[in-house]
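Report on the following structure.
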2 protein chains.
Amino acid sequence: MAHVILSVESVRRTKLSAILRALHEDGPQSRSQLGTRLAMSRSMVADLVADLGARGLVREDTPDPSGMPGRPSPVVQLAADSIAVLAAEVAVDSLAVALVGLGGQMRSVARIPHNPGRLRAEETVGDLTLLANELLARAPRGCVVAGVGVAFYGVVRRSDGFVHYAHNLGWRGVPLGLLLQQSLGMAAPVTVANDADLGALAEHTRGAGRGADDMIYLASEIGIGGGIIANGRPLAGTAGAAGEVGHIPVNSNGMRCYCGAIGCWETEAGETALLRHAGRECGPPCHDCVAEVLADAARGEPIARAAVETIGHWLGVGLALLVNIFNPERIVLGGFFSDLYASVEAIVREQVQARAFLPARDLVSIVPATLGADTALLGAAELAFEPILADPTRVPSRKGIPATRWEPGAVSAPTSRPW
Amino acid sequence: MAHVILSVESVRRTKLSAILRALHEDGPQSRSQLGTRLAMSRSMVADLVADLGARGLVREDTPDPSGMPGRPSPVVQLAADSIAVLAAEVAVDSLAVALVGLGGQMRSVARIPHNPGRLRAEETVGDLTLLANELLARAPRGCVVAGVGVAFYGVVRRSDGFVHYAHNLGWRGVPLGLLLQQSLGMAAPVTVANDADLGALAEHTRGAGRGADDMIYLASEIGIGGGIIANGRPLAGTAGAAGEVGHIPVNSNGMRCYCGAIGCWETEAGETALLRHAGRECGPPCHDCVAEVLADAARGEPIARAAVETIGHWLGVGLALLVNIFNPERIVLGGFFSDLYASVEAIVREQVQARAFLPARDLVSIVPATLGADTALLGAAELAFEPILADPTRVPSRKGIPATRWEPGAVSAPTSRPW
């Protein structure tokens, strides 16, 4: 049980954090809206907003007073052109880097494909560094990169970004966080987390999981990964490795999984299974082949349709167990499940009804993810923003407030153009 | 994402809460120890302790000054004779009620057996009321009962104690919280929760789960239930129904479960399975028969030994999945698993090693529960204390601080004896 320690400074930090987070998650708001929402007085909001402004985090606009009674309340918005993060993604078949401004807007993104299972760690780090430098060269002058977040498709230790295991990349024991920190040569900290955990963070902050304090996000490609939000906070486990739901034993007559067991969830409901049932094995599953099967099924092609329904069945079987274990308010389906779900909703719900218990099975809503292909990147950005959102005083005030812990990676960009 | 709202009053409540919780969880401490631990100044601790004292929650003793340099710091301890809760347990084969003082010490307890599957809701409520009144009649004069917590062996809605489902009791749709509130006739609130969730709370606060912010408690009798602590907080799910882990499919060649599936965890590793493998079915499994099998196995009786090892095998298979999903720091085995574990530890670890992934499988420690047969009752007491621990100002000051929300069930006991 954690004991809460409060000092005058920490109370102020908490209030600054509440305002910055409100703007980051919900966009521009008037001072009076912020005061009402956060139960703060007019003068307190003004004081805190001025503090955030001095740190270059927010700016104020005077609204158009026409048609409004009384003195208009200034509108506060993020100074999204002064603070950004780099978000990177090491996926099974591509690498991507994005520059994301405070507020979560993606400013620029670069993605390159690679052959699944052929990616070496050194090349990955080199390619990510190349992409990052490309984006930074185009960033506005004076922009400060406050952190680097990386979404990784495998089991990773949160504390230092050490990759324990990534079956679909063929990696084992790679100090990815350290390698990337060295290669980027920036002072901004590099943080690495599992792609499904970051998908959960992104969908919870800005997507289909908004407002659901108990939610599960499922990432699905070749494998199935889970990102869990419990009590409104990410469930990371003791080493950041929670959410390995891909090996729920769903089908005792199923295929042997690489893990040694029979009929694991990802062996029965992942992309490989879909292509196998549709008779379209294409080596390492590619997004194009998967999309083709889904399109054919939607057109009513019988074999594709049957394959999709089989996946829906096993998807429902696994979900039922998660419903019993977590009693979630919402399950957000990412990856190819988000495209598949509309056509198998009845089949999935039937399995959940048959196998999960009351009241959990009646209370859960199952919905497709809404952030699309950039979910993991947006989650990586949230990861990188978190230290500043939790404590805005990490960013030094330009009016002389000392900055003891601030060592950002300053960016000197050759071009300066408005975002 | 929850936004933190802080007022002067809420900051003070948080500080009072931190002191009361520290004493409740760790016993008497000097003012200076409290100050160091909670990062509070000498004068702040003195002020807050005086406030708690005025509410009758703590008292101070002057320590023996001999042999100590400087002015001795007064020792603060709970006034455990002035505030208590009633803790009740509706188990598969017994009912119990205990009077538990602030600080978690059980003052008195009464338990009566019943026939599994024969217990009707009305009788249960009547029997619990009888037991409660027996204990209250022996409580010290002036003792205030601040709440009633109930541990229930089934799926229960946390908000109002409505029982959705309890297979082993044969209950479905019983408004237990409401019935008990009416029958007890006390103003103190009645809160009902699942026994495994409360076992987790108790073991986390005072038992084998202390200090582990990511832990799983397993309750095991006929069924297997899970209580989960994530990020240091109970994982309840959206309706308090999380932790239904008993139906993890572990054995595709196993027995049919009452839920309709084959080879569920509780069907393969529960008490019924142990007795079946040992050739000692006794109708509804009883603790005596289970204890006999465990004793025979310990003596080396081959059939009992083989039965115990089979349970150990399936226990390990189910645990491996939980390790992958939660990446827990610790798993605490309650119920008959706590007696069984020492003799099957190697078998359990072998399955976890074979089926769970790195790093989770190497980081988890698996330990037996330490609070024994009273685990669920102690957890029910924690549940009932929680509102006061979270906000000690719920208890009115005797020095004129207004008490707006305090409606305790006052107890006028015929006898007054020191606890």
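Going through the structure tokens in order, the chains are called A, B, and so on, while each chain numbers its residues from 1 and the ligands are numbered from 1 in the order shown.
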
Chain B onto chain A, all Cα, least squares, as a short mmCIF file (atom, residue, chain, number, x, y, z; two decimals) with C-alpha atoms, in the first residue's frame:
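Listed below is the output, out07.cif:
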data_model
loop_
_atom_site.label_atom_id
_atom_site.label_comp_id
_atom_site.auth_asym_id
_atom_site.auth_seq_id
_atom_site.Cartn_x
_atom_site.Cartn_y
_atom_site.Cartn_z
CA MET B 1 -0.09 0.02 0.29
CA ALA B 2 1.49 3.28 -0.87
CA HIS B 3 1.41 6.17 1.53
CA VAL B 4 0.80 9.57 0.02
CA ILE B 5 3.43 12.17 0.74
CA LEU B 6 2.49 15.74 -0.01
CA SER B 7 4.59 18.88 0.05
CA VAL B 8 3.64 22.35 -1.17
CA GLU B 9 5.78 21.74 -4.26
CA SER B 10 4.21 18.37 -5.01
CA VAL B 11 0.70 19.79 -4.66
CA ARG B 12 1.58 22.53 -7.14
CA ARG B 13 3.12 19.98 -9.52
CA THR B 14 -0.05 17.92 -9.31
CA LYS B 15 -2.16 20.95 -10.23
CA LEU B 16 0.11 21.94 -13.14
CA SER B 17 -0.06 18.32 -14.28
CA ALA B 18 -3.87 18.26 -14.14
CA ILE B 19 -4.12 21.35 -16.38
CA LEU B 20 -1.51 20.17 -18.89
CA ARG B 21 -3.11 16.71 -19.08
CA ALA B 22 -6.59 18.18 -19.60
CA LEU B 23 -5.28 20.21 -22.57
CA HIS B 24 -3.24 17.29 -23.89
CA GLU B 25 -6.18 14.91 -23.85
CA ASP B 26 -9.09 17.18 -24.73
CA GLY B 27 -7.65 20.17 -26.62
CA PRO B 28 -8.04 23.93 -26.09
CA GLN B 29 -10.27 25.05 -23.21
CA SER B 30 -11.10 28.38 -21.63
CA ARG B 31 -9.69 29.24 -18.23
CA SER B 32 -13.19 29.07 -16.78
CA GLN B 33 -13.77 25.61 -18.30
CA LEU B 34 -10.52 24.41 -16.74
CA GLY B 35 -11.50 25.90 -13.38
CA THR B 36 -14.87 24.18 -13.38
CA ARG B 37 -13.49 20.85 -14.52
CA LEU B 38 -10.61 20.77 -12.05
CA ALA B 39 -12.38 22.52 -9.15
CA MET B 40 -9.87 25.36 -9.08
CA SER B 41 -10.50 29.05 -8.45
CA ARG B 42 -10.21 31.68 -11.20
CA SER B 43 -7.02 33.09 -9.71
CA MET B 44 -5.45 29.67 -9.23
CA VAL B 45 -6.06 28.73 -12.87
CA ALA B 46 -4.59 32.08 -14.01
CA ASP B 47 -1.50 31.54 -11.86
CA LEU B 48 -0.94 27.96 -13.02
CA VAL B 49 -1.53 28.80 -16.70
CA ALA B 50 1.00 31.63 -16.43
CA ASP B 51 3.50 29.16 -14.96
CA LEU B 52 2.92 26.67 -17.81
CA GLY B 53 3.21 29.57 -20.29
CA ALA B 54 6.58 30.61 -18.83
CA ARG B 55 7.75 27.06 -19.47
CA GLY B 56 6.70 27.35 -23.10
CA LEU B 57 4.04 24.63 -22.71
CA VAL B 58 0.84 26.62 -23.29
CA ARG B 59 -0.30 29.90 -24.77
CA GLU B 60 -3.48 31.91 -24.41
CA ASP B 61 -5.75 33.46 -27.00
CA THR B 62 -8.39 36.05 -26.29
CA PRO B 63 -11.67 34.73 -27.64
CA ASP B 64 -14.05 36.72 -29.80
CA PRO B 65 -16.17 38.62 -27.25
CA SER B 66 -19.12 39.21 -29.60
CA GLY B 67 -22.33 37.61 -28.49
CA MET B 68 -21.03 36.54 -25.10
CA PRO B 69 -22.18 38.17 -21.89
CA GLY B 70 -19.55 39.24 -19.38
CA ARG B 71 -15.81 39.28 -19.74
CA PRO B 72 -14.70 36.42 -22.05
CA SER B 73 -12.42 33.81 -20.48
CA PRO B 74 -9.10 33.43 -22.33
CA VAL B 75 -8.73 30.16 -24.23
CA VAL B 76 -5.72 28.09 -23.19
CA GLN B 77 -4.05 25.81 -25.70
CA LEU B 78 -0.87 23.80 -25.91
CA ALA B 79 2.18 25.38 -27.49
CA ALA B 80 2.49 22.24 -29.59
CA ASP B 81 5.22 23.76 -31.74
CA SER B 82 7.72 23.99 -28.91
CA ILE B 83 7.65 20.50 -27.37
CA ALA B 84 7.50 17.21 -29.27
CA VAL B 85 8.53 13.59 -28.91
CA LEU B 86 9.83 10.97 -31.31
CA ALA B 87 7.66 7.85 -31.51
CA ALA B 88 9.11 4.71 -33.08
CA GLU B 89 7.62 1.34 -33.96
CA VAL B 90 9.42 -1.96 -34.51
CA ALA B 91 6.65 -4.07 -36.08
CA VAL B 92 6.84 -7.55 -37.56
CA ASP B 93 7.06 -6.28 -41.14
CA SER B 94 7.90 -2.58 -40.92
CA LEU B 95 9.79 0.12 -39.03
CA ALA B 96 8.36 3.57 -38.44
CA VAL B 97 9.27 6.84 -36.75
CA ALA B 98 6.98 9.82 -36.16
CA LEU B 99 7.37 13.30 -34.72
CA VAL B 100 4.42 13.95 -32.44
CA GLY B 101 3.63 17.33 -30.87
CA LEU B 102 2.31 17.90 -27.35
CA GLY B 103 -1.41 17.25 -27.65
CA GLY B 104 -0.81 14.05 -29.60
CA GLN B 105 -0.93 15.37 -33.14
CA MET B 106 1.36 13.49 -35.51
CA ARG B 107 3.47 16.08 -37.34
CA SER B 108 5.36 13.78 -39.69
CA VAL B 109 5.86 10.06 -40.07
CA ALA B 110 8.22 7.80 -42.02
CA ARG B 111 7.73 4.04 -42.44
CA ILE B 112 9.82 1.43 -44.26
CA PRO B 113 8.97 -2.26 -44.80
CA HIS B 114 11.23 -5.17 -43.93
CA ASN B 115 11.10 -8.92 -44.35
CA PRO B 116 9.56 -10.62 -41.32
CA GLY B 117 12.07 -12.73 -39.45
CA ARG B 118 15.04 -11.21 -41.28
CA LEU B 119 15.49 -8.08 -39.22
CA ARG B 120 18.75 -7.84 -37.25
CA ALA B 121 18.95 -5.62 -34.19
CA GLU B 122 21.88 -3.51 -35.45
CA GLU B 123 20.11 -2.75 -38.74
CA THR B 124 16.93 -1.91 -36.90
CA VAL B 125 18.70 0.61 -34.69
CA GLY B 126 20.50 2.08 -37.71
CA ASP B 127 17.31 2.39 -39.74
CA LEU B 128 15.37 3.96 -36.87
CA THR B 129 18.17 6.50 -36.36
CA LEU B 130 18.13 7.35 -40.07
CA LEU B 131 14.36 7.87 -40.05
CA ALA B 132 14.55 9.93 -36.86
CA ASN B 133 17.23 12.22 -38.30
CA GLU B 134 15.18 12.69 -41.48
CA LEU B 135 12.21 13.88 -39.43
CA LEU B 136 14.30 16.04 -37.10
CA ALA B 137 15.91 17.80 -40.06
CA ARG B 138 12.43 18.93 -41.07
CA ALA B 139 11.28 19.90 -37.56
CA PRO B 140 10.66 23.57 -36.82
CA ARG B 141 13.59 25.57 -35.46
CA GLY B 142 13.65 25.72 -31.68
CA CYS B 143 11.52 22.63 -31.25
CA VAL B 144 12.58 20.59 -28.22
CA VAL B 145 12.35 16.81 -28.37
CA ALA B 146 11.46 15.81 -24.84
CA GLY B 147 11.62 12.05 -25.17
CA VAL B 148 11.66 9.01 -27.42
CA GLY B 149 9.04 6.25 -27.11
CA VAL B 150 9.36 2.92 -28.89
CA ALA B 151 6.62 0.36 -29.55
CA PHE B 152 8.12 -3.11 -29.81
CA TYR B 153 6.34 -6.30 -30.94
CA GLY B 154 7.66 -8.62 -28.25
CA VAL B 155 8.37 -9.03 -24.54
CA VAL B 156 10.41 -6.11 -23.28
CA ARG B 157 11.63 -4.97 -19.87
CA ARG B 158 10.16 -1.54 -19.21
CA SER B 159 12.98 -0.23 -17.02
CA ASP B 160 15.70 -0.21 -19.71
CA GLY B 161 14.17 -1.43 -22.97
CA PHE B 162 15.88 -4.82 -22.86
CA VAL B 163 14.15 -7.21 -25.27
CA HIS B 164 13.67 -10.60 -23.67
CA TYR B 165 11.94 -12.30 -26.51
CA ALA B 166 10.29 -11.54 -29.84
CA HIS B 167 9.26 -14.74 -31.59
CA ASN B 168 8.08 -13.18 -34.85
CA LEU B 169 11.27 -11.12 -35.21
CA GLY B 170 13.52 -13.95 -34.03
CA TRP B 171 15.08 -11.76 -31.33
CA ARG B 172 16.18 -12.86 -27.88
CA GLY B 173 18.16 -10.84 -25.34
CA VAL B 174 18.70 -7.55 -27.22
CA PRO B 175 19.45 -4.31 -25.27
CA LEU B 176 17.32 -2.29 -27.70
CA GLY B 177 16.80 0.73 -25.44
CA LEU B 178 20.50 1.14 -24.79
CA LEU B 179 21.49 0.65 -28.45
CA LEU B 180 18.95 3.18 -29.64
CA GLN B 181 19.91 5.71 -26.96
CA GLN B 182 23.53 5.51 -28.09
CA SER B 183 22.73 5.58 -31.78
CA LEU B 184 20.37 8.57 -31.57
CA GLY B 185 22.94 10.52 -29.54
CA MET B 186 20.23 12.60 -27.87
CA ALA B 187 19.93 13.49 -24.21
CA ALA B 188 16.19 12.83 -24.34
CA PRO B 189 15.40 9.48 -22.68
CA VAL B 190 14.49 6.44 -24.81
CA THR B 191 11.69 4.28 -23.39
CA VAL B 192 10.60 0.98 -24.94
CA ALA B 193 7.35 -0.88 -24.30
CA ASN B 194 5.25 -3.63 -25.80
CA ASP B 195 3.10 -2.62 -28.79
CA ALA B 196 -0.13 -3.90 -27.26
CA ASP B 197 0.47 -2.00 -24.01
CA LEU B 198 1.02 1.15 -26.06
CA GLY B 199 -2.02 0.46 -28.23
CA ALA B 200 -4.03 0.30 -25.02
CA LEU B 201 -2.56 3.61 -23.86
CA ALA B 202 -3.36 5.32 -27.18
CA GLU B 203 -6.90 3.95 -27.52
CA HIS B 204 -7.58 4.78 -23.86
CA THR B 205 -6.33 8.35 -24.26
CA ARG B 206 -7.71 9.21 -27.71
CA GLY B 207 -9.51 6.26 -29.27
CA ALA B 208 -12.21 3.67 -28.69
CA GLY B 209 -11.19 3.16 -25.05
CA ARG B 210 -11.80 6.74 -23.89
CA GLY B 211 -13.55 6.92 -20.54
CA ALA B 212 -13.27 3.18 -19.84
CA ASP B 213 -11.19 2.75 -16.70
CA ASP B 214 -11.22 -1.03 -17.04
CA MET B 215 -10.39 -1.95 -20.61
CA ILE B 216 -8.42 -4.46 -22.64
CA TYR B 217 -6.81 -3.65 -25.97
CA LEU B 218 -5.98 -6.58 -28.23
CA ALA B 219 -3.22 -6.22 -30.79
CA SER B 220 -3.48 -8.84 -33.52
CA GLU B 221 -1.17 -9.69 -36.37
CA ILE B 222 0.62 -13.03 -36.51
CA GLY B 223 0.50 -12.99 -32.72
CA ILE B 224 -2.09 -11.71 -30.26
CA GLY B 225 -1.01 -9.34 -27.51
CA GLY B 226 -2.99 -7.68 -24.77
CA GLY B 227 -2.72 -4.22 -23.27
CA ILE B 228 -4.70 -3.82 -20.07
CA ILE B 229 -5.95 -0.71 -18.30
CA ALA B 230 -7.15 -1.42 -14.74
CA ASN B 231 -8.51 1.24 -12.40
CA GLY B 232 -7.64 3.78 -15.11
CA ARG B 233 -3.96 2.85 -15.11
CA PRO B 234 -1.84 0.60 -17.35
CA LEU B 235 -1.40 -2.87 -15.88
CA ALA B 236 2.27 -3.47 -16.58
CA GLY B 237 3.11 -6.23 -14.13
CA THR B 238 6.25 -6.22 -12.05
CA ALA B 239 8.59 -5.97 -15.06
CA GLY B 240 6.32 -4.49 -17.73
CA ALA B 241 5.65 -7.93 -19.23
CA ALA B 242 1.95 -8.31 -18.39
CA GLY B 243 -0.61 -8.89 -21.15
CA GLU B 244 0.85 -11.99 -22.80
CA VAL B 245 -2.59 -13.34 -23.64
CA GLY B 246 -1.65 -15.05 -26.92
CA HIS B 247 -1.20 -18.44 -25.32
CA ILE B 248 -4.60 -18.96 -23.76
CA PRO B 249 -5.37 -22.61 -24.60
CA VAL B 250 -8.53 -22.30 -26.71
CA ASN B 251 -8.56 -25.38 -28.96
CA SER B 252 -7.39 -28.77 -27.73
CA ASN B 253 -7.71 -30.12 -31.30
CA GLY B 254 -5.77 -27.21 -32.76
CA MET B 255 -2.32 -26.67 -34.22
CA ARG B 256 0.90 -26.93 -32.27
CA CYS B 257 2.16 -23.48 -31.24
CA TYR B 258 5.84 -22.49 -31.34
CA CYS B 259 5.62 -22.37 -27.52
CA GLY B 260 5.10 -26.14 -27.46
CA ALA B 261 1.44 -26.15 -26.46
CA ILE B 262 -1.53 -27.12 -28.64
CA GLY B 263 -4.17 -24.71 -29.85
CA CYS B 264 -2.98 -21.44 -28.33
CA TRP B 265 -5.18 -18.40 -28.99
CA GLU B 266 -2.73 -16.82 -31.44
CA THR B 267 -2.23 -20.12 -33.26
CA GLU B 268 -5.99 -20.47 -33.74
CA ALA B 269 -7.09 -16.86 -34.24
CA GLY B 270 -4.04 -15.01 -35.60
CA GLU B 271 -3.32 -13.97 -39.20
CA THR B 272 -1.56 -17.25 -39.98
CA ALA B 273 -4.68 -19.20 -38.98
CA LEU B 274 -6.90 -16.97 -41.13
CA LEU B 275 -4.74 -17.52 -44.21
CA ARG B 276 -4.48 -21.26 -43.48
CA HIS B 277 -8.26 -21.66 -43.25
CA ALA B 278 -8.68 -19.63 -46.43
CA GLY B 279 -6.11 -21.77 -48.26
CA ARG B 280 -3.89 -18.74 -48.88
CA GLU B 281 -0.67 -19.36 -46.97
CA CYS B 282 1.85 -16.80 -48.23
CA GLY B 283 4.93 -17.57 -46.14
CA PRO B 284 5.09 -14.96 -43.39
CA PRO B 285 1.57 -13.50 -43.41
CA CYS B 286 1.39 -10.14 -45.16
CA HIS B 287 -1.19 -7.42 -44.65
CA ASP B 288 -2.18 -7.52 -48.32
CA CYS B 289 -3.10 -11.21 -48.23
CA VAL B 290 -5.04 -10.77 -44.99
CA ALA B 291 -6.91 -7.79 -46.44
CA GLU B 292 -7.71 -9.83 -49.55
CA VAL B 293 -9.28 -12.64 -47.51
CA LEU B 294 -11.35 -10.13 -45.54
CA ALA B 295 -12.51 -8.45 -48.76
CA ASP B 296 -13.40 -11.78 -50.37
CA ALA B 297 -15.33 -12.81 -47.27
CA ALA B 298 -17.23 -9.53 -47.33
CA ARG B 299 -18.16 -10.27 -50.97
CA GLY B 300 -19.51 -13.64 -49.88
CA GLU B 301 -16.79 -15.91 -51.24
CA PRO B 302 -17.61 -19.14 -49.30
CA ILE B 303 -14.10 -20.33 -48.34
CA ALA B 304 -12.94 -16.88 -47.23
CA ARG B 305 -16.23 -16.41 -45.39
CA ALA B 306 -15.83 -19.73 -43.55
CA ALA B 307 -12.23 -18.85 -42.64
CA VAL B 308 -13.32 -15.50 -41.19
CA GLU B 309 -16.08 -17.20 -39.18
CA THR B 310 -13.64 -19.74 -37.76
CA ILE B 311 -11.38 -16.93 -36.57
CA GLY B 312 -14.43 -15.22 -35.06
CA HIS B 313 -15.29 -18.38 -33.15
CA TRP B 314 -11.83 -18.71 -31.55
CA LEU B 315 -11.66 -14.97 -30.96
CA GLY B 316 -14.84 -15.29 -28.90
CA VAL B 317 -13.55 -18.29 -26.94
CA GLY B 318 -10.45 -16.40 -25.84
CA LEU B 319 -12.35 -13.20 -25.11
CA ALA B 320 -14.72 -15.08 -22.79
CA LEU B 321 -11.81 -16.06 -20.54
CA LEU B 322 -10.55 -12.47 -20.45
CA VAL B 323 -14.06 -11.28 -19.58
CA ASN B 324 -14.14 -13.69 -16.62
CA ILE B 325 -10.67 -12.72 -15.42
CA PHE B 326 -10.91 -8.92 -15.86
CA ASN B 327 -14.63 -8.02 -15.87
CA PRO B 328 -13.72 -5.20 -18.30
CA GLU B 329 -16.04 -2.37 -19.23
CA ARG B 330 -14.73 -2.41 -22.79
CA ILE B 331 -12.58 -4.56 -25.07
CA VAL B 332 -10.97 -2.70 -27.97
CA LEU B 333 -9.95 -4.89 -30.92
CA GLY B 334 -6.84 -3.67 -32.74
CA GLY B 335 -4.88 -5.04 -35.70
CA PHE B 336 -6.78 -7.16 -38.21
CA PHE B 337 -9.43 -7.96 -35.59
CA SER B 338 -10.64 -4.36 -36.00
CA ASP B 339 -11.38 -5.01 -39.71
CA LEU B 340 -12.78 -8.47 -39.07
CA TYR B 341 -15.10 -7.70 -36.17
CA ALA B 342 -18.12 -6.20 -37.95
CA SER B 343 -18.65 -9.42 -39.91
CA VAL B 344 -18.26 -11.83 -36.95
CA GLU B 345 -19.79 -9.85 -34.10
CA ALA B 346 -22.69 -12.29 -33.63
CA ILE B 347 -20.32 -15.30 -33.54
CA VAL B 348 -18.02 -13.63 -31.04
CA ARG B 349 -20.90 -12.57 -28.78
CA GLU B 350 -22.35 -16.07 -28.88
CA GLN B 351 -19.12 -17.53 -27.47
CA VAL B 352 -18.83 -14.83 -24.82
CA GLN B 353 -22.45 -15.42 -23.79
CA ALA B 354 -21.93 -19.18 -23.61
CA ARG B 355 -18.62 -19.14 -21.72
CA ALA B 356 -18.40 -16.00 -19.60
CA PHE B 357 -20.33 -15.47 -16.38
CA LEU B 358 -22.85 -12.93 -15.25
CA PRO B 359 -22.63 -10.00 -14.72
CA ALA B 360 -19.34 -9.60 -16.60
CA ARG B 361 -20.59 -10.99 -19.93
CA ASP B 362 -23.54 -8.59 -20.08
CA LEU B 363 -21.53 -5.52 -19.08
CA VAL B 364 -18.67 -5.72 -21.56
CA SER B 365 -18.81 -3.84 -24.83
CA ILE B 366 -16.56 -5.12 -27.61
CA VAL B 367 -15.56 -2.51 -30.19
CA PRO B 368 -13.01 -2.10 -32.98
CA ALA B 369 -10.05 0.24 -32.44
CA THR B 370 -10.41 3.68 -34.02
CA LEU B 371 -6.84 4.96 -34.36
CA GLY B 372 -5.97 2.68 -37.26
CA ALA B 373 -2.44 1.81 -38.33
CA ASP B 374 -0.86 4.50 -36.15
CA THR B 375 -2.17 3.15 -32.82
CA ALA B 376 1.18 1.85 -31.60
CA LEU B 377 3.03 5.02 -32.67
CA LEU B 378 0.53 7.23 -30.88
CA GLY B 379 0.91 5.06 -27.79
CA ALA B 380 4.70 5.36 -27.99
CA ALA B 381 4.27 9.14 -28.10
CA GLU B 382 2.07 9.01 -24.98
CA LEU B 383 4.78 6.98 -23.24
CA ALA B 384 7.37 9.61 -24.11
CA PHE B 385 5.14 12.51 -23.01
CA GLU B 386 4.22 10.92 -19.68
CA PRO B 387 7.12 12.31 -17.57
CA ILE B 388 6.28 15.89 -18.63
CA LEU B 389 2.54 15.38 -18.22
CA ALA B 390 3.12 13.99 -14.73
CA ASP B 391 5.49 16.81 -13.77
CA PRO B 392 5.47 19.88 -16.05
CA THR B 393 8.18 21.47 -13.87
CA ARG B 394 10.64 19.18 -15.65
CA VAL B 395 10.53 21.78 -18.40
CA PRO B 396 12.47 24.85 -17.24
CA SER B 397 10.72 28.18 -16.98
CA ARG B 398 12.02 30.85 -19.26
CA LYS B 399 11.47 33.29 -16.44
CA GLY B 400 14.12 31.95 -14.15
CA ILE B 401 12.52 28.96 -12.40
CA PRO B 402 15.45 26.57 -11.96
CA ALA B 403 15.31 23.33 -13.90
CA THR B 404 17.16 20.66 -12.05
CA ARG B 405 16.18 17.57 -13.99
CA TRP B 406 15.74 18.87 -17.52
CA GLU B 407 18.15 17.59 -20.15
CA PRO B 408 16.15 17.56 -23.36
CA GLY B 409 17.53 16.67 -26.73
CA ALA B 410 17.64 20.12 -28.34
CA VAL B 411 16.95 20.16 -32.04
CA SER B 412 18.53 22.66 -34.38
CA ALA B 413 16.62 22.19 -37.57
CA PRO B 414 17.73 23.79 -40.83
CA THR B 415 14.22 24.77 -41.78
CA SER B 416 11.61 26.51 -39.72
CA ARG B 417 8.08 26.00 -40.86
CA PRO B 418 4.85 26.28 -38.98
CA TRP B 419 3.31 23.01 -37.85
#

Just list the residues in segment 293-366 of chain A DSSP gives strand (DSSP E) on the backbone, as a PyMOL selection string.
chain A and resi 330-333+365-366

Once you have the residues from the selection above, write them out as a CSV table (one decimal), in the first residue's frame, restricted to C-alpha atoms.
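Saved as again-v5.csv:
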chain,number,residue,atom,x,y,z
A,330,ARG,CA,-14.7,-2.5,-22.7
A,331,ILE,CA,-12.6,-4.6,-25.0
A,332,VAL,CA,-11.0,-2.7,-27.9
A,333,LEU,CA,-10.0,-4.9,-30.9
A,365,SER,CA,-18.8,-3.9,-24.7
A,366,ILE,CA,-16.6,-5.1,-27.5
